[in-house]
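First up is the structure itself, then whatever we jot down about it.
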Amino acid sequence: MSSISPIETKRFAAEVEKLGCSYVDAPVSGGEVGAKAGSLTIMCGGSDEAFARVKPIFELMGKNITLVGPAGDGQTTKSPNQIIVALTIQAVGEALLFASKAGADPAKVRQALMGGFASSRFSRSM
C-alpha cells in the first residue's frame, strides 16, 4: 500500500503470479487522518477476481476504493494524485504570496476564497 514504481510493481506482480498467487497493488491517499477515520482513498491494480477478494478488507480502511486496471495501475494512479497535491500546495502558496505582496492580508484572502472553487482540502487545513 506504499507508493512505489509502477514498473517495479508490474515486475513484482508477474513474479508473484508465476507462483500461482494473486497480486493487488493498492497505494492510498488520505494520510494519517484518513487512516484513523477509515476514509482512505485506495487506488488498486490487479485482476477483477483478486480485487473482489481483498475489497472487503479495503472497505474497513477506505471509502473511495477503485480498481483502475491490471497490477501496477494503482501505482500509476498514485503519481497523478501526487502531482495534483503538489501543484495545489504550490498554487495556494503562490496565491497567498501574491496577495501579501499586493498589500492584502493573506489570512483574510484565504478566508474569502474558502467559499468558492479556490477552496481545497489543503487551503482549508492551513
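Labels used: A, B, ... for chains in the order of the C-alpha cells, numbers from 1 for residues in each chain, and numbers from 1 for ligands as shown.
Once Asp25 (chain A) and its same-chain neighbours fewer than 6 positions away are set aside, Cys44, Gly45 and Gly74 of chain A remain within 6 Å of it when counting only C-alpha atoms.
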### Task
Extract the full set of strand (DSSP E or B) residues from region 4-110 of chain A according to DSSP on the backbone, and format it as an NGL selection string.
:A and (25 or 28-29 or 40-45 or 62-69)
### Message
Applying 9 Å and only C-alpha atoms, which residues near Ser2 (chain A) remain after dropping the ones on its own chain fewer than 2 positions away? List them as a PyMOL selection string.
### Response
chain A and resi 4+25-28+75
Using only all heavy atoms, please write the residues we just selected to a file, as an mmCIF file, in the first residue's frame.
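part-v4.cif was written with the following content:
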data_model
loop_
_atom_site.group_PDB
_atom_site.id
_atom_site.type_symbol
_atom_site.label_atom_id
_atom_site.label_comp_id
_atom_site.auth_asym_id
_atom_site.auth_seq_id
_atom_site.Cartn_x
_atom_site.Cartn_y
_atom_site.Cartn_z
ATOM 1 N N ILE A 4 5.117 3.205 -4.795
ATOM 2 C CA ILE A 4 6.371 2.728 -5.366
ATOM 3 C C ILE A 4 6.264 2.754 -6.892
ATOM 4 O O ILE A 4 5.214 3.052 -7.443
ATOM 5 C CB ILE A 4 6.729 1.315 -4.851
ATOM 6 C CG1 ILE A 4 5.639 0.303 -5.225
ATOM 7 C CG2 ILE A 4 6.948 1.325 -3.335
ATOM 8 C CD1 ILE A 4 5.984 -1.135 -4.896
ATOM 9 N N ASP A 25 -1.905 -4.183 -6.187
ATOM 10 C CA ASP A 25 -1.215 -3.027 -5.626
ATOM 11 C C ASP A 25 -2.289 -2.018 -5.234
ATOM 12 O O ASP A 25 -3.307 -1.885 -5.909
ATOM 13 C CB ASP A 25 -0.187 -2.431 -6.594
ATOM 14 C CG ASP A 25 -0.763 -1.897 -7.888
ATOM 15 O OD1 ASP A 25 -1.348 -2.693 -8.645
ATOM 16 O OD2 ASP A 25 -0.625 -0.692 -8.151
ATOM 17 N N ALA A 26 -2.098 -1.362 -4.098
ATOM 18 C CA ALA A 26 -3.166 -0.525 -3.555
ATOM 19 C C ALA A 26 -2.607 0.654 -2.766
ATOM 20 O O ALA A 26 -2.774 0.731 -1.553
ATOM 21 C CB ALA A 26 -4.073 -1.385 -2.679
ATOM 22 N N PRO A 27 -1.942 1.597 -3.439
ATOM 23 C CA PRO A 27 -1.492 2.777 -2.714
ATOM 24 C C PRO A 27 -2.696 3.587 -2.229
ATOM 25 O O PRO A 27 -3.797 3.455 -2.779
ATOM 26 C CB PRO A 27 -0.676 3.555 -3.751
ATOM 27 C CG PRO A 27 -1.182 3.092 -5.065
ATOM 28 C CD PRO A 27 -1.612 1.666 -4.863
ATOM 29 N N VAL A 28 -2.478 4.377 -1.210
ATOM 30 C CA VAL A 28 -3.573 5.104 -0.574
ATOM 31 C C VAL A 28 -3.321 6.610 -0.582
ATOM 32 O O VAL A 28 -2.190 7.069 -0.713
ATOM 33 C CB VAL A 28 -3.800 4.628 0.878
ATOM 34 C CG1 VAL A 28 -4.153 3.159 0.909
ATOM 35 C CG2 VAL A 28 -2.595 4.906 1.760
ATOM 36 N N GLN A 75 -0.452 2.009 -8.706
ATOM 37 C CA GLN A 75 0.732 2.867 -8.563
ATOM 38 C C GLN A 75 0.745 3.966 -9.625
ATOM 39 O O GLN A 75 1.110 5.102 -9.338
ATOM 40 C CB GLN A 75 2.011 2.038 -8.647
ATOM 41 C CG GLN A 75 2.168 1.030 -7.541
ATOM 42 C CD GLN A 75 2.217 1.655 -6.156
ATOM 43 O OE1 GLN A 75 2.509 2.826 -5.966
ATOM 44 N NE2 GLN A 75 1.897 0.854 -5.150
#
### Summary
One decimal place gives the CA of Asn81 (chain A)-CA of Glu59 (chain A) separation as 20.1 Å
### Message
Need the shell around region 82-96 of chain A: protein/DNA/RNA residues with any atom at most 10 Å away, counting only C-alpha atoms. Skip same-chain ones fewer than 4 positions apart. Format as number ranges by chain?
### Response
A: 3, 29, 77-78, 100-102, 104-110, 118-123, 126
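When only C-alpha atoms are used to compute distances to Tyr23 (chain A), the closest of the residues A:Ala99, A:Ala52, A:Leu60, A:Ile65 turns out to be A:Ala52.
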### Message
as number ranges by chain, please: the residues near Ile57 (chain A) (cut-off 12 Å, only C-alpha atoms, same-chain neighbours under 6 positions excluded).
### Response
A: 26, 38, 42, 50-51, 63, 65
With C-alpha atoms retained, export the selected residues as a PDB file, in the first residue's frame.
ATOM      1  CA  ALA A  26      -3.166  -0.525  -3.555  1.00  0.00           C
ATOM      2  CA  GLY A  38     -11.261   4.629   7.801  1.00  0.00           C
ATOM      3  CA  ILE A  42      -7.412   3.309  -2.276  1.00  0.00           C
ATOM      4  CA  ALA A  50      -8.146 -10.651  -6.787  1.00  0.00           C
ATOM      5  CA  PHE A  51      -9.733  -7.238  -6.228  1.00  0.00           C
ATOM      6  CA  LYS A  63     -14.349   4.897   1.344  1.00  0.00           C
ATOM      7  CA  ILE A  65     -11.853   2.194  -3.463  1.00  0.00           C
TER       8      ILE A  65
END
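One finds CA of Met1 (chain A) at 16.3 Å from CA of Ser47 (chain A).
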### Task
Mind listing the helix (DSSP H, G or I) residues of chain A, per DSSP on the backbone, as a PyMOL selection string?
chain A and resi 6-18+31-37+48-61+73-101+106-113+121-125
Could the residues in this selection be saved with C-alpha atoms as a PDB file, in the first residue's frame?
ATOM      1  CA  PRO A   6       4.620   1.185 -11.303  1.00  0.00           C
ATOM      2  CA  ILE A   7       7.257  -0.546 -13.438  1.00  0.00           C
ATOM      3  CA  GLU A   8       8.697  -2.428 -10.466  1.00  0.00           C
ATOM      4  CA  THR A   9       5.175  -3.204  -9.252  1.00  0.00           C
ATOM      5  CA  LYS A  10       4.337  -4.854 -12.590  1.00  0.00           C
ATOM      6  CA  ARG A  11       7.550  -6.903 -12.415  1.00  0.00           C
ATOM      7  CA  PHE A  12       6.855  -7.941  -8.835  1.00  0.00           C
ATOM      8  CA  ALA A  13       3.246  -8.862  -9.662  1.00  0.00           C
ATOM      9  CA  ALA A  14       4.419 -11.022 -12.573  1.00  0.00           C
ATOM     10  CA  GLU A  15       6.786 -12.915 -10.246  1.00  0.00           C
ATOM     11  CA  VAL A  16       4.056 -13.400  -7.645  1.00  0.00           C
ATOM     12  CA  GLU A  17       1.610 -14.604 -10.298  1.00  0.00           C
ATOM     13  CA  LYS A  18       4.183 -17.114 -11.625  1.00  0.00           C
ATOM     14  CA  GLY A  31      -2.899  10.461   5.249  1.00  0.00           C
ATOM     15  CA  GLU A  32      -2.976   9.617   8.912  1.00  0.00           C
ATOM     16  CA  VAL A  33      -6.333  11.334   9.386  1.00  0.00           C
ATOM     17  CA  GLY A  34      -7.921   9.198   6.658  1.00  0.00           C
ATOM     18  CA  ALA A  35      -6.321   6.049   8.043  1.00  0.00           C
ATOM     19  CA  LYS A  36      -7.659   6.688  11.545  1.00  0.00           C
ATOM     20  CA  ALA A  37     -11.116   7.565  10.225  1.00  0.00           C
ATOM     21  CA  ASP A  48     -11.096  -8.451 -11.064  1.00  0.00           C
ATOM     22  CA  GLU A  49     -11.013 -11.695  -9.070  1.00  0.00           C
ATOM     23  CA  ALA A  50      -8.146 -10.651  -6.787  1.00  0.00           C
ATOM     24  CA  PHE A  51      -9.733  -7.238  -6.228  1.00  0.00           C
ATOM     25  CA  ALA A  52     -13.062  -8.851  -5.290  1.00  0.00           C
ATOM     26  CA  ARG A  53     -11.273 -10.944  -2.638  1.00  0.00           C
ATOM     27  CA  VAL A  54      -9.496  -8.007  -0.982  1.00  0.00           C
ATOM     28  CA  LYS A  55     -12.176  -5.332  -1.365  1.00  0.00           C
ATOM     29  CA  PRO A  56     -13.989  -6.256   1.892  1.00  0.00           C
ATOM     30  CA  ILE A  57     -10.723  -5.671   3.771  1.00  0.00           C
ATOM     31  CA  PHE A  58     -10.118  -2.381   1.953  1.00  0.00           C
ATOM     32  CA  GLU A  59     -13.660  -1.258   2.841  1.00  0.00           C
ATOM     33  CA  LEU A  60     -12.599  -1.312   6.501  1.00  0.00           C
ATOM     34  CA  MET A  61      -9.843   1.202   5.679  1.00  0.00           C
ATOM     35  CA  ASP A  73      -2.231   0.670 -12.385  1.00  0.00           C
ATOM     36  CA  GLY A  74      -2.816   1.530  -8.722  1.00  0.00           C
ATOM     37  CA  GLN A  75       0.732   2.867  -8.563  1.00  0.00           C
ATOM     38  CA  THR A  76       0.285   4.622 -11.902  1.00  0.00           C
ATOM     39  CA  THR A  77      -2.792   6.369 -10.459  1.00  0.00           C
ATOM     40  CA  LYS A  78      -0.956   7.444  -7.314  1.00  0.00           C
ATOM     41  CA  SER A  79       1.533   9.517  -9.351  1.00  0.00           C
ATOM     42  CA  PRO A  80      -1.121  11.869 -10.805  1.00  0.00           C
ATOM     43  CA  ASN A  81      -2.580  12.143  -7.297  1.00  0.00           C
ATOM     44  CA  GLN A  82       0.784  13.346  -6.004  1.00  0.00           C
ATOM     45  CA  ILE A  83       1.216  15.744  -8.938  1.00  0.00           C
ATOM     46  CA  ILE A  84      -2.176  17.317  -8.228  1.00  0.00           C
ATOM     47  CA  VAL A  85      -1.455  17.592  -4.500  1.00  0.00           C
ATOM     48  CA  ALA A  86       1.965  19.163  -5.079  1.00  0.00           C
ATOM     49  CA  LEU A  87       0.644  21.662  -7.605  1.00  0.00           C
ATOM     50  CA  THR A  88      -2.270  22.578  -5.346  1.00  0.00           C
ATOM     51  CA  ILE A  89       0.104  23.281  -2.465  1.00  0.00           C
ATOM     52  CA  GLN A  90       2.299  25.360  -4.763  1.00  0.00           C
ATOM     53  CA  ALA A  91      -0.689  27.257  -6.183  1.00  0.00           C
ATOM     54  CA  VAL A  92      -2.068  28.132  -2.738  1.00  0.00           C
ATOM     55  CA  GLY A  93       1.365  29.326  -1.626  1.00  0.00           C
ATOM     56  CA  GLU A  94       1.834  31.440  -4.763  1.00  0.00           C
ATOM     57  CA  ALA A  95      -1.659  32.920  -4.481  1.00  0.00           C
ATOM     58  CA  LEU A  96      -1.220  33.956  -0.862  1.00  0.00           C
ATOM     59  CA  LEU A  97       2.257  35.330  -1.561  1.00  0.00           C
ATOM     60  CA  PHE A  98       0.783  37.370  -4.438  1.00  0.00           C
ATOM     61  CA  ALA A  99      -1.954  38.696  -2.141  1.00  0.00           C
ATOM     62  CA  SER A 100       0.561  39.568   0.557  1.00  0.00           C
ATOM     63  CA  LYS A 101       2.905  41.384  -1.835  1.00  0.00           C
ATOM     64  CA  PRO A 106      -3.297  36.687   3.351  1.00  0.00           C
ATOM     65  CA  ALA A 107      -5.437  35.311   6.180  1.00  0.00           C
ATOM     66  CA  LYS A 108      -8.434  37.362   5.053  1.00  0.00           C
ATOM     67  CA  VAL A 109      -7.795  36.482   1.399  1.00  0.00           C
ATOM     68  CA  ARG A 110      -7.755  32.788   2.360  1.00  0.00           C
ATOM     69  CA  GLN A 111     -10.988  33.211   4.321  1.00  0.00           C
ATOM     70  CA  ALA A 112     -12.651  34.900   1.331  1.00  0.00           C
ATOM     71  CA  LEU A 113     -11.552  32.117  -1.021  1.00  0.00           C
ATOM     72  CA  ARG A 121      -8.578  20.378   1.358  1.00  0.00           C
ATOM     73  CA  PHE A 122      -5.108  21.873   1.656  1.00  0.00           C
ATOM     74  CA  SER A 123      -6.223  25.515   1.851  1.00  0.00           C
ATOM     75  CA  ARG A 124      -8.882  24.612   4.443  1.00  0.00           C
ATOM     76  CA  SER A 125      -6.301  22.919   6.672  1.00  0.00           C
TER      77      SER A 125
END
